[in-house]
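J.: Here you go, upload22.cif (mmCIF, C-alpha atoms):
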```cif
data_protein
#
loop_
_atom_site.label_atom_id
_atom_site.label_comp_id
_atom_site.auth_asym_id
_atom_site.auth_seq_id
_atom_site.Cartn_x
_atom_site.Cartn_y
_atom_site.Cartn_z
CA MET A 1 107.40 111.10 151.99
CA SER A 2 111.16 111.35 152.48
CA VAL A 3 113.78 111.13 149.74
CA ASP A 4 114.74 107.68 151.01
CA ALA A 5 111.11 106.58 150.67
CA VAL A 6 111.06 107.97 147.13
CA VAL A 7 114.08 105.86 146.21
CA LEU A 8 112.37 102.73 147.56
CA ALA A 9 109.13 103.54 145.75
CA ILE A 10 110.84 103.90 142.38
CA GLY A 11 112.07 100.32 142.49
CA ARG A 12 113.69 98.94 139.38
CA SER A 13 111.38 100.41 136.77
CA GLY A 14 109.68 103.49 138.24
CA GLU A 15 110.19 107.10 137.30
CA LEU A 16 110.12 110.40 139.15
CA ARG A 17 107.58 113.12 138.43
CA ALA A 18 108.50 116.71 139.25
CA GLY A 19 106.36 119.35 137.52
CA GLY A 20 105.04 116.69 135.17
CA THR A 21 105.31 118.70 131.95
CA ASP A 22 107.49 116.09 130.24
CA VAL A 23 106.32 112.96 132.05
CA THR A 24 102.66 113.63 131.27
CA ALA A 25 103.40 113.97 127.56
CA ARG A 26 105.41 110.74 127.52
CA GLN A 27 102.81 108.90 129.58
CA ARG A 28 100.28 109.33 126.78
CA ILE A 29 102.55 107.44 124.39
CA GLY A 30 103.80 104.82 126.81
CA ARG A 31 107.34 106.20 127.14
CA VAL A 32 107.47 106.29 130.96
CA GLY A 33 108.62 103.86 133.61
CA LEU A 34 105.99 102.83 136.14
CA PRO A 35 105.20 103.46 138.91
CA LEU A 36 105.40 107.24 138.74
CA VAL A 37 106.60 108.65 142.06
CA ASP A 38 105.54 112.24 142.71
CA LEU A 39 108.06 114.62 144.29
CA SER A 40 105.68 117.48 145.06
CA GLU A 41 105.13 116.47 148.70
CA VAL A 42 108.75 115.71 149.55
CA PRO A 43 109.92 118.33 152.09
CA GLY A 44 112.96 120.46 151.39
CA LEU A 45 112.91 120.17 147.60
CA ARG A 46 111.69 123.69 146.83
CA GLY A 47 113.06 127.15 147.43
CA ILE A 48 116.19 129.30 147.16
CA GLN A 49 118.75 129.60 149.94
CA TRP A 50 121.53 132.20 150.08
CA ARG A 51 124.87 131.62 151.73
CA PRO A 52 127.08 134.20 153.47
CA ASP A 53 129.46 134.42 150.48
CA GLY A 54 126.56 135.33 148.18
CA SER A 55 126.30 131.91 146.54
CA ALA A 56 122.93 130.24 146.17
CA ARG A 57 121.34 126.82 146.52
CA VAL A 58 118.26 126.29 144.36
CA ALA A 59 116.23 123.23 145.36
CA ALA A 60 115.27 120.93 142.48
CA MET A 61 111.49 121.46 142.71
CA THR A 62 111.79 125.24 142.42
CA THR A 63 109.82 126.21 139.34
CA VAL A 64 111.27 127.83 136.25
CA ALA A 65 108.92 130.78 136.77
CA GLU A 66 110.20 131.31 140.30
CA ILE A 67 113.77 131.37 139.04
CA ALA A 68 112.96 133.82 136.24
CA ALA A 69 111.11 136.18 138.59
CA ASP A 70 113.45 136.20 141.59
CA ARG A 71 115.08 139.64 141.80
CA ARG A 72 118.12 138.52 143.75
CA LEU A 73 118.78 135.69 141.31
CA ARG A 74 118.41 138.11 138.40
CA ALA A 75 121.06 140.38 139.89
CA ALA A 76 123.47 137.56 140.75
CA TYR A 77 122.95 135.13 137.86
CA PRO A 78 121.49 137.05 134.90
CA ALA A 79 122.40 134.40 132.31
CA LEU A 80 120.40 131.78 134.22
CA THR A 81 117.32 133.91 134.82
CA ALA A 82 117.25 135.25 131.25
CA THR A 83 117.30 131.68 129.99
CA ALA A 84 114.54 130.65 132.39
CA ALA A 85 112.36 133.57 131.30
CA ALA A 86 112.61 132.54 127.64
CA LEU A 87 111.52 128.92 128.06
CA ALA A 88 108.30 127.51 126.70
CA THR A 89 105.12 129.33 127.80
CA PRO A 90 104.05 131.01 131.07
CA GLN A 91 101.94 127.97 131.92
CA LEU A 92 104.83 125.54 131.45
CA ARG A 93 107.25 127.78 133.34
CA ALA A 94 104.80 127.86 136.24
CA ALA A 95 104.65 124.06 136.39
CA GLY A 96 108.10 123.00 135.23
CA THR A 97 110.94 122.74 137.73
CA ILE A 98 114.67 123.29 137.44
CA GLY A 99 115.35 119.65 138.30
CA GLY A 100 112.83 118.44 135.76
CA ASN A 101 114.31 120.70 133.11
CA LEU A 102 117.81 119.35 133.71
CA LEU A 103 116.65 115.71 133.58
CA GLN A 104 113.95 115.85 130.90
CA ARG A 105 113.95 113.47 127.98
CA ASN A 106 114.76 114.52 124.44
CA ARG A 107 112.21 115.75 121.88
CA CYS A 108 113.16 113.47 118.97
CA TRP A 109 110.05 112.59 116.97
CA TYR A 110 111.29 109.01 116.53
CA PHE A 111 111.77 108.51 120.28
CA ARG A 112 108.31 109.94 120.93
CA ASN A 113 106.59 107.79 118.32
CA PRO A 114 105.77 104.33 119.77
CA ARG A 115 105.95 102.82 116.28
CA PHE A 116 109.70 103.38 116.13
CA SER A 117 112.57 101.76 117.99
CA CYS A 118 115.86 103.49 118.74
CA PHE A 119 118.80 103.44 121.15
CA GLN A 120 116.66 105.36 123.64
CA THR A 121 113.94 102.70 123.69
CA GLY A 122 116.16 99.63 123.80
CA GLY A 123 116.73 99.38 120.06
CA THR A 124 119.97 99.16 118.15
CA GLY A 125 119.93 102.19 115.87
CA CYS A 126 119.12 105.87 115.45
CA PRO A 127 116.41 106.29 112.80
CA ALA A 128 116.96 110.06 112.80
CA ARG A 129 120.52 109.72 111.52
CA ASP A 130 119.39 108.25 108.19
CA GLY A 131 115.86 109.66 108.32
CA LEU A 132 114.42 113.10 109.03
CA HIS A 133 116.92 115.01 111.15
CA LEU A 134 116.25 118.67 110.36
CA TYR A 135 116.40 119.64 114.04
CA SER A 136 119.18 117.26 115.04
CA ALA A 137 122.80 117.79 116.03
CA VAL A 138 125.38 119.74 114.09
CA VAL A 139 128.15 118.65 116.49
CA ASP A 140 128.09 114.86 116.14
CA LEU A 141 129.15 113.30 119.45
CA GLY A 142 127.95 109.73 119.07
CA PRO A 143 125.41 107.27 117.69
CA CYS A 144 122.33 109.31 118.76
CA VAL A 145 121.95 112.66 116.98
CA VAL A 146 119.10 114.31 118.88
CA PRO A 147 120.16 117.52 120.70
CA HIS A 148 119.93 117.74 124.45
CA PRO A 149 116.71 119.56 125.41
CA SER A 150 117.70 121.43 128.60
CA SER A 151 118.26 125.16 128.18
CA LEU A 152 118.89 125.56 131.92
CA ALA A 153 121.67 122.97 131.76
CA MET A 154 123.35 125.08 129.10
CA ALA A 155 123.01 128.22 131.22
CA LEU A 156 124.37 126.50 134.34
CA LEU A 157 127.33 125.19 132.36
CA ALA A 158 128.39 128.81 131.83
CA TYR A 159 128.76 129.29 135.59
CA GLU A 160 132.12 127.85 136.55
CA GLY A 161 131.85 125.78 139.70
CA THR A 162 128.15 125.00 139.49
CA ARG A 163 127.36 121.68 141.13
CA VAL A 164 124.28 119.54 141.55
CA GLU A 165 123.38 117.70 144.74
CA VAL A 166 122.41 114.07 144.16
CA HIS A 167 120.92 111.95 146.93
CA GLY A 168 123.38 109.28 147.98
CA ARG A 169 126.24 110.71 145.92
CA GLY A 170 126.79 114.27 147.12
CA ALA A 171 127.57 117.29 144.94
CA ILE A 172 128.99 116.79 141.44
CA PRO A 173 129.83 119.24 138.62
CA VAL A 174 126.80 119.92 136.44
CA ALA A 175 128.68 118.64 133.38
CA GLU A 176 128.85 115.19 134.98
CA LEU A 177 125.08 114.89 134.60
CA TYR A 178 125.61 114.46 130.87
CA GLY A 179 129.12 113.20 130.21
CA ASP A 180 130.47 113.41 126.68
CA GLY A 181 127.27 112.45 124.84
CA ALA A 182 128.70 109.16 123.61
CA ASP A 183 126.07 106.98 125.34
CA PRO A 184 123.11 106.90 122.91
CA THR A 185 120.71 105.31 125.41
CA ARG A 186 120.53 108.12 127.96
CA ASP A 187 119.74 111.84 128.13
CA HIS A 188 121.45 112.13 131.52
CA LEU A 189 123.72 109.91 133.57
CA LEU A 190 121.85 109.64 136.86
CA ALA A 191 121.11 106.04 137.73
CA ARG A 192 117.60 104.88 138.53
CA GLY A 193 116.95 105.70 142.15
CA GLU A 194 119.28 108.70 142.22
CA VAL A 195 117.34 111.86 143.05
CA LEU A 196 118.50 115.35 142.10
CA LEU A 197 118.11 117.48 145.22
CA ALA A 198 119.41 120.95 144.35
CA ILE A 199 121.71 123.10 142.26
CA GLU A 200 124.60 124.88 143.97
CA LEU A 201 125.61 128.11 142.25
CA PRO A 202 128.99 129.76 142.92
CA ALA A 203 129.32 133.24 144.35
CA PRO A 204 128.32 135.76 141.68
CA THR A 205 130.83 137.72 139.60
CA PRO A 206 130.59 141.48 140.24
CA GLY A 207 129.94 143.67 137.24
CA GLU A 208 129.28 140.95 134.70
CA GLY A 209 127.07 141.40 131.68
CA ALA A 210 125.09 138.44 130.40
CA ALA A 211 122.76 137.56 127.57
CA TYR A 212 120.71 134.64 126.28
CA HIS A 213 119.30 134.14 122.80
CA ARG A 214 117.52 131.31 121.03
CA ALA A 215 117.01 131.00 117.29
CA ILE A 216 113.55 129.55 116.77
CA GLY A 217 111.17 128.81 113.92
CA ARG A 218 108.32 130.98 115.19
CA ALA A 219 107.84 134.02 117.42
CA GLU A 220 107.70 132.17 120.78
CA ALA A 221 106.93 128.91 122.60
CA GLU A 222 109.21 126.90 120.33
CA TRP A 223 112.16 124.58 120.90
CA PRO A 224 115.41 126.28 119.89
CA LEU A 225 117.20 125.42 116.68
CA VAL A 226 120.29 126.88 118.33
CA GLU A 227 120.61 128.72 121.63
CA ALA A 228 123.49 130.40 123.40
CA VAL A 229 124.36 132.21 126.60
CA ALA A 230 127.29 134.51 127.32
CA ARG A 231 128.77 136.06 130.46
CA LEU A 232 131.36 138.82 130.13
CA VAL A 233 133.25 141.09 132.51
CA LEU A 234 134.72 144.24 130.98
CA ASP A 235 137.33 146.63 132.36
CA HIS A 236 138.45 150.05 131.21
CA PRO A 237 141.91 150.06 129.65
CA VAL A 238 144.64 151.58 131.81
CA GLY A 239 144.46 155.35 131.57
CA LEU A 240 141.16 155.33 129.67
CA ALA A 241 138.50 155.55 132.36
CA GLY A 242 136.03 157.02 129.91
CA ALA A 243 136.54 154.42 127.18
CA GLY A 244 133.60 153.38 125.10
CA ALA A 245 132.30 149.84 124.90
CA SER A 246 134.43 148.88 121.91
CA GLU A 247 137.63 149.94 123.75
CA MET A 248 136.89 148.13 127.00
CA ILE A 249 138.88 144.97 127.68
CA ILE A 250 137.19 141.61 128.16
CA ARG A 251 138.62 140.29 131.43
CA SER A 252 136.60 137.09 131.65
CA ALA A 253 134.20 135.24 129.39
CA ALA A 254 131.93 132.21 129.54
CA VAL A 255 129.97 131.04 126.50
CA ALA A 256 127.75 127.97 126.23
CA VAL A 257 125.44 126.68 123.51
CA GLY A 258 122.54 124.29 123.20
CA GLY A 259 120.41 122.71 120.50
CA VAL A 260 123.50 121.56 118.62
CA ALA A 261 124.74 118.36 120.30
CA ARG A 262 123.78 115.46 122.55
CA THR A 263 124.94 117.58 125.49
CA PRO A 264 125.05 121.31 126.18
CA LEU A 265 128.49 122.61 125.22
CA ARG A 266 130.87 125.13 126.75
CA LEU A 267 132.75 126.97 123.98
CA THR A 268 136.19 127.41 125.50
CA GLU A 269 137.65 128.18 122.10
CA VAL A 270 135.39 131.24 121.83
CA GLU A 271 136.22 132.29 125.39
CA ASP A 272 139.96 132.08 124.69
CA ALA A 273 139.51 134.29 121.64
CA LEU A 274 137.76 136.94 123.76
CA VAL A 275 139.73 137.27 126.97
CA GLY A 276 142.28 140.07 127.02
CA ARG A 277 140.98 141.76 123.89
CA PRO A 278 138.91 144.91 123.39
CA ALA A 279 135.17 144.35 123.04
CA SER A 280 135.08 145.75 119.52
CA GLU A 281 132.62 144.49 116.94
CA SER A 282 135.44 143.03 114.83
CA ASN A 283 136.85 141.14 117.81
CA LEU A 284 133.44 139.75 118.73
CA LEU A 285 132.90 138.58 115.17
CA ALA A 286 136.33 136.97 115.03
CA ALA A 287 135.86 135.27 118.41
CA ALA A 288 132.59 133.71 117.28
CA GLU A 289 134.21 131.95 114.32
CA PRO A 290 135.75 129.11 116.39
CA ALA A 291 132.24 128.20 117.56
CA THR A 292 131.84 126.21 114.36
CA LEU A 293 135.11 124.28 114.54
CA ARG A 294 133.45 121.26 116.15
CA CYS A 295 130.64 121.13 113.59
CA THR A 296 130.24 117.96 111.55
CA PRO A 297 126.74 118.55 110.19
CA LEU A 298 124.37 115.95 108.92
CA PRO A 299 122.86 116.54 105.46
CA GLN A 300 119.83 118.38 106.88
CA THR A 301 121.60 120.29 109.67
CA THR A 302 124.16 122.17 107.58
CA TYR A 303 122.12 125.36 108.12
CA LYS A 304 122.93 125.20 111.83
CA VAL A 305 126.62 125.95 111.24
CA ALA A 306 126.00 129.59 110.28
CA LEU A 307 123.12 129.81 112.74
CA LEU A 308 125.41 128.73 115.57
CA ARG A 309 128.00 131.36 114.71
CA ASP A 310 125.40 134.12 114.36
CA THR A 311 123.69 133.17 117.63
CA VAL A 312 127.01 133.37 119.46
CA VAL A 313 127.65 136.80 117.92
CA GLU A 314 124.21 137.92 119.11
CA VAL A 315 124.78 136.97 122.76
CA LEU A 316 128.28 138.44 122.77
CA GLU A 317 127.03 141.79 121.50
CA ARG A 318 124.18 141.82 124.01
CA ALA A 319 126.44 140.81 126.89
CA VAL A 320 128.87 143.64 126.06
CA ALA A 321 126.00 146.13 126.08
CA HIS A 322 124.70 144.85 129.41
CA ALA A 323 128.17 144.83 130.96
CA CYS A 324 128.57 148.48 130.03
CA ASP A 325 125.13 149.31 131.38
CA ILE A 326 125.89 147.64 134.72
CA ARG A 327 129.21 149.42 135.16
CA GLU A 328 127.80 152.79 134.15
CA HIS A 329 124.94 152.36 136.61
CA ALA A 330 127.42 151.50 139.37
CA ARG A 331 129.52 154.58 138.53
CA ARG A 332 126.51 156.91 138.67
CA SER A 333 125.46 155.40 141.99
CA ASP A 334 128.75 156.22 143.75
#
```
Would you encode the structure as structure tokens?
T.:
Amino acid sequence: MSVDAVVLAIGRSGELRAGGTDVTARQRIGRVGLPLVDLSEVPGLRGIQWRPDGSARVAAMTTVAEIAADRRLRAAYPALTATAAALATPQLRAAGTIGGNLLQRNRCWYFRNPRFSCFQTGGTGCPARDGLHLYSAVVDLGPCVVPHPSSLAMALLAYEGTRVEVHGRGAIPVAELYGDGADPTRDHLLARGEVLLAIELPAPTPGEGAAYHRAIGRAEAEWPLVEAVARLVLDHPVGLAGAGASEMIIRSAAVAVGGVARTPLRLTEVEDALVGRPASESNLLAAAEPATLRCTPLPQTTYKVALLRDTVVEVLERAVAHACDIREHARRSD
């Protein structure tokens, strides 16, 4: 079946099935559009291609496990592969795809209970806002308060220039998949019949350090309360080739967070507080403070304010350590 045939098969009410990890769960509660159109046999939708400039194209049906395990991806895009390796369980990573992860539906217990009606099911309200919302947003972007579920979307947002290929539309910035979160009826902005074909990653940044961390309620296999990813490039100060980590200068920074809003968020205010400054512990702590400026917590999500700040601190400290490790390894290899 070709992509064009898939679009015809979806019709006005059908839904795509990639790895099936989300669709199967929603099918049991009647929260899917029929017919389901399977993408597993569509040619060209799986695999990783490398371009001469070192950039990569990851086809949408490539599994999360394949992304986490690919050595070349790990070297070029460590923030992405670290995030992929932390998702769910080995079984779900083996079945779930990058396209499916980006376009999955939210995990709100009201949306997934057929006895409730909400914006997402054609209703006129958000029962979580006035009901149980312990795991909901702390950055309130609109009528719906359930956080966006895609960790990989958050990681891709940290790679400037990342684009997604959409059948019939071409390549668009990954942020355009989600908009500003103001539409309470949708988890992504692809129209019915639009098929995500691949993710285009920019050429990698030499010498970067990266880290991912999720704050969860149990040891593993849990949806994040807050998650964050950081990418940092450090340079030795002029005349201090042997400077320690705390004296090295942060030349570039990218920080993104998830689990806190209707969309994954890029924290430009944190990045601005980092760039040009030494990677000292005090500077990392100070740079993480602006992460909470957008917070307007609901009564039950106040705890996420401090958790967001602390999670950002965690990934910054880890990214500094990894950046130093990478540069030291390169120096010893000369």
J.: When you count only C-alpha atoms, which of these residues is closest to Gln104 in chain A: A:Ser136, A:Thr301, A:Thr205, A:Thr24?
T.: A:Thr24
J.: Residues near Ala254 in chain A, anyone? I mean within 10 Å using all atoms listed in the file, not counting same-chain ones fewer than 2 positions away, as a list in words.
T.: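 Using all atoms listed in the file, the neighbours found are Ala155, Leu157, Ala158, Tyr159, Glu160, Ala210, Val229, Ala230, Arg231, Leu232, Val233, Ser252, Ala256, Arg266, Leu267, Thr268, Val270, Glu271, Asp272, Leu274, Val275 and Leu316 of chain A.
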J.: Counting all atoms listed in the file, which residue out of A:Arg51, A:Arg214, A:Arg28, A:Arg129 sits closest to Gln300 in chain A?
T.: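 Closest to Gln300 in chain A, using all atoms listed in the file: A:Arg129.
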J.: Residues picked by the PyMOL selection byres ((chain A and resi 292) around 9) here, as a list of chain:residue names?
T.: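 Given this file, the PyMOL selection byres ((chain A and resi 292) around 9) evaluates to A:Val139, A:Ala288, A:Glu289, A:Pro290, A:Ala291, A:Leu293, A:Arg294, A:Cys295, A:Thr296, A:Val305, A:Ala306, A:Leu308, A:Arg309.
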J.: Could you tell me, as a PDB file with C-alpha atoms, in the frame of the given file, exactly which residues end up selected when the PyMOL selection byres ((chain A and resi 203) around 10) is applied to this structure?
T.:
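File part12.pdb, as written:
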```
ATOM      1  CA  TRP A  50     121.530 132.200 150.080  1.00  0.00           C
ATOM      2  CA  ARG A  51     124.870 131.620 151.730  1.00  0.00           C
ATOM      3  CA  PRO A  52     127.080 134.200 153.470  1.00  0.00           C
ATOM      4  CA  ASP A  53     129.460 134.420 150.480  1.00  0.00           C
ATOM      5  CA  GLY A  54     126.560 135.330 148.180  1.00  0.00           C
ATOM      6  CA  SER A  55     126.300 131.910 146.540  1.00  0.00           C
ATOM      7  CA  ALA A  56     122.930 130.240 146.170  1.00  0.00           C
ATOM      8  CA  ALA A  76     123.470 137.560 140.750  1.00  0.00           C
ATOM      9  CA  TYR A  77     122.950 135.130 137.860  1.00  0.00           C
ATOM     10  CA  TYR A 159     128.760 129.290 135.590  1.00  0.00           C
ATOM     11  CA  GLU A 160     132.120 127.850 136.550  1.00  0.00           C
ATOM     12  CA  GLY A 161     131.850 125.780 139.700  1.00  0.00           C
ATOM     13  CA  THR A 162     128.150 125.000 139.490  1.00  0.00           C
ATOM     14  CA  GLU A 200     124.600 124.880 143.970  1.00  0.00           C
ATOM     15  CA  LEU A 201     125.610 128.110 142.250  1.00  0.00           C
ATOM     16  CA  PRO A 202     128.990 129.760 142.920  1.00  0.00           C
ATOM     17  CA  PRO A 204     128.320 135.760 141.680  1.00  0.00           C
ATOM     18  CA  THR A 205     130.830 137.720 139.600  1.00  0.00           C
ATOM     19  CA  PRO A 206     130.590 141.480 140.240  1.00  0.00           C
TER      20      PRO A 206
END
```
J.: Of the candidates A:Ala319, A:Leu36, A:Glu222, A:Thr302, which one gets nearest to Ile250 in chain A if we count all atoms listed in the file?
T.: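 Using all atoms listed in the file, the shortest distance to Ile250 in chain A belongs to A:Ala319.
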J.: Run through the PyMOL selection byres ((chain A and resi 152) around 8) on the given coordinates and return the selected residues as a ChimeraX atom specification.
T.: /A:80,83-84,98,101-102,150-151,153-156
J.: Please determine, counting only C-alpha atoms, which residue among A:Val195, A:Leu103, A:Leu141, A:Ala128 has the shortest atom-to-atom distance to Val6 in chain A.
T.: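 Counting only C-alpha atoms, the residue closest to Val6 in chain A is A:Val195.
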J.: Can you work out which one of A:Glu317, A:Asp4, A:Asp140, A:Asp130 has the shortest atom-to-atom distance to Ala211 in chain A, counting all atoms listed in the file?
T.: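 Among the listed residues, A:Glu317 lies closest to Ala211 in chain A.
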J.: I need the residue nearest Ala18 in chain A from this list: A:Leu234, A:Ala191, A:Ser246, A:Leu45. Use all atoms listed in the file for the distance.
T.: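 Closest to Ala18 in chain A, using all atoms listed in the file: A:Leu45.
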J.: Need the shell around Cys126 in chain A: protein/DNA/RNA residues with any atom at most 12 Å away, counting all atoms listed in the file. Skip same-chain ones fewer than 5 positions apart. Format as a short mmCIF file (atom, residue, chain, number, x, y, z; two decimals) with C-alpha atoms, keeping the file's coordinate frame?
T.:
```cif
data_model
loop_
_atom_site.label_atom_id
_atom_site.label_comp_id
_atom_site.auth_asym_id
_atom_site.auth_seq_id
_atom_site.Cartn_x
_atom_site.Cartn_y
_atom_site.Cartn_z
CA CYS A 108 113.16 113.47 118.97
CA TRP A 109 110.05 112.59 116.97
CA TYR A 110 111.29 109.01 116.53
CA PHE A 111 111.77 108.51 120.28
CA PHE A 116 109.70 103.38 116.13
CA SER A 117 112.57 101.76 117.99
CA CYS A 118 115.86 103.49 118.74
CA PHE A 119 118.80 103.44 121.15
CA GLN A 120 116.66 105.36 123.64
CA THR A 121 113.94 102.70 123.69
CA GLY A 131 115.86 109.66 108.32
CA LEU A 132 114.42 113.10 109.03
CA HIS A 133 116.92 115.01 111.15
CA SER A 136 119.18 117.26 115.04
CA GLY A 142 127.95 109.73 119.07
CA PRO A 143 125.41 107.27 117.69
CA CYS A 144 122.33 109.31 118.76
CA VAL A 145 121.95 112.66 116.98
CA VAL A 146 119.10 114.31 118.88
CA PRO A 184 123.11 106.90 122.91
CA THR A 185 120.71 105.31 125.41
#
```
J.: Using CA of Trp223 in chain A and CA of Val37 in chain A as the two end points, give the distance in Å to one decimal.
T.: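 We find that CA of Trp223 in chain A and CA of Val37 in chain A lie 27.1 Å from each other.
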J.: Between CA of Gly170 in chain A and CA of Leu87 in chain A, what distance in Å does the model show, to one decimal?
T.: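 Value for the CA of Gly170 in chain A-CA of Leu87 in chain A distance: 28.5 Å.
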J.: Please, what distance in Å, to one decimal, runs between CA of Ala137 in chain A and CA of Val260 in chain A?
T.: 4.6 Å
J.: Quick one: residues within 6 Å of range 164-166 of chain A, only C-alpha atoms counted, chain neighbours fewer than 6 positions away excluded, as a count of residues only?
T.: 8
J.: Within 10 Å of Gly47 in chain A, counting all atoms listed in the file, which residues qualify if same-chain residues fewer than 6 places away don't, as a PyMOL selection string?
T.: chain A and resi 57-63+66-67+198
J.: I'd like the contact shell of Pro278 in chain A - 6 Å cut-off, only C-alpha atoms, skipping same-chain residues fewer than 5 positions apart - returned as JSON, numbers by chain.
T.: {"A": [247, 248, 249]}
